Amino acid sequence: MKKDIYRARPYEYRFCVSEEEKKVIDKNIELSGLTKREYLCVKAMDKSAHSGNTKVIVVEQAPQIRRDLIKIGTNMNQGAKALNEIKLIYRNAFANNENMWEVVLFQMEHIDDAIELLLDSREKCCAAVKVITDLGGKR
């Protein structure tokens, strides 16, 4: 072990692995979205490592899932914006027509429900993105 007192992490570990172990480690590091140091530190600092039952969970598609969820959230925002614009159009077009106003109000209630569902779903997408990011699916 080498010690450099000027570094934030002054200690160094070195160890040898087989070619097959290296391939598995490198693949898991790549899939995690973490740097090699981050990945190995997270796995080494795992509390269950001391009890001998460490589990490494690798979600191969985490980065793609994260990107897709962000796109879905964006689409939901656009949907909510479009629905709000439709409400504004209804309000402006039928505000002076009492016969149509009741129908418009009924439709606007349904639009409000749809907006609420979109925004609730978007919040769930954002929460899923955060979980994936926290697990290392950054890319």
# chains A, B, ... in the order shown; residues from 1 in each chain; ligands from 1
>>> residues_around(residues="A:Thr74", least_positions_apart="3", cutoff="12 Å", atoms="only C-alpha atoms", output="PDB file with C-alpha atoms, in the first residue's frame")
ATOM      1  CA  ARG A  67     -33.113   8.250 -20.784  1.00  0.00           C
ATOM      2  CA  ASP A  68     -36.490   6.804 -21.793  1.00  0.00           C
ATOM      3  CA  LEU A  69     -38.114   7.847 -18.513  1.00  0.00           C
ATOM      4  CA  ILE A  70     -36.806  11.393 -18.946  1.00  0.00           C
ATOM      5  CA  LYS A  71     -38.300  11.481 -22.467  1.00  0.00           C
ATOM      6  CA  ASN A  77     -45.279  17.879 -19.648  1.00  0.00           C
ATOM      7  CA  GLN A  78     -46.072  18.639 -23.276  1.00  0.00           C
ATOM      8  CA  GLY A  79     -49.396  16.789 -22.951  1.00  0.00           C
ATOM      9  CA  ALA A  80     -50.346  18.753 -19.852  1.00  0.00           C
ATOM     10  CA  LYS A  81     -49.422  22.010 -21.593  1.00  0.00           C
ATOM     11  CA  LEU A 118     -50.259  13.146 -16.437  1.00  0.00           C
ATOM     12  CA  LEU A 119     -48.552  15.125 -13.692  1.00  0.00           C
ATOM     13  CA  SER A 121     -47.361   9.860 -13.750  1.00  0.00           C
ATOM     14  CA  ARG A 122     -44.591  12.357 -14.447  1.00  0.00           C
ATOM     15  CA  GLU A 123     -43.758  12.497 -10.729  1.00  0.00           C
ATOM     16  CA  CYS A 125     -41.165   8.840 -13.745  1.00  0.00           C
ATOM     17  CA  CYS A 126     -39.002  11.420 -11.971  1.00  0.00           C
TER      18      CYS A 126
END
>>> atom_distance(atom1="atom CA of A:Ala95", atom2="atom CA of A:Asp113")
20.9 Å
>>> atom_distance(atom1="atom CA of A:Leu117", atom2="atom CA of A:Leu88")
19.1 Å
>>> select_by_dssp(residues="stretch 5-121 of chain A", states="alpha helix (DSSP H)", output="ChimeraX atom specification")
/A:19-32,36-44,62-94,98-121
>>> atom_distance(atom1="atom CA of A:Gln64", atom2="atom CA of A:Leu34")
14.7 Å
>>> residues_around(residues="stretch 19-23 of chain A", least_positions_apart="6", cutoff="12 Å", atoms="only C-alpha atoms", output="ChimeraX atom specification")
/A:29-30,36
>>> residues_around(residues="A:Thr133", least_positions_apart="6", cutoff="10 Å", atoms="only C-alpha atoms", output="ChimeraX atom specification")
/A:32-33,62-63,66,127,139
>>> write_last_selection(atoms="N, CA, C and O atoms", output="CSV table (one decimal), in the first residue's frame")
chain,number,residue,atom,x,y,z
A,32,SER,N,-22.9,-0.3,-14.7
A,32,SER,CA,-23.3,0.5,-13.5
A,32,SER,C,-23.4,2.0,-13.8
A,32,SER,O,-24.1,2.7,-13.1
A,33,GLY,N,-22.5,2.4,-14.8
A,33,GLY,CA,-22.5,3.8,-15.0
A,33,GLY,C,-21.5,4.6,-14.1
A,33,GLY,O,-21.4,5.8,-14.1
A,62,ALA,N,-30.1,0.1,-17.4
A,62,ALA,CA,-30.3,1.2,-16.6
A,62,ALA,C,-30.1,2.6,-17.3
A,62,ALA,O,-31.0,3.5,-17.2
A,63,PRO,N,-29.0,2.8,-18.0
A,63,PRO,CA,-28.9,4.1,-18.6
A,63,PRO,C,-30.0,4.4,-19.7
A,63,PRO,O,-30.5,5.5,-19.8
A,66,ARG,N,-33.3,5.1,-18.0
A,66,ARG,CA,-33.3,6.4,-17.4
A,66,ARG,C,-33.6,7.5,-18.5
A,66,ARG,O,-34.4,8.4,-18.3
A,127,ALA,N,-39.3,10.0,-10.0
A,127,ALA,CA,-38.8,9.2,-8.9
A,127,ALA,C,-38.1,8.0,-9.4
A,127,ALA,O,-37.0,7.6,-8.8
A,139,ARG,N,-25.5,7.2,-17.2
A,139,ARG,CA,-25.3,7.6,-18.7
A,139,ARG,C,-26.5,7.4,-19.5
A,139,ARG,O,-27.4,6.7,-19.4
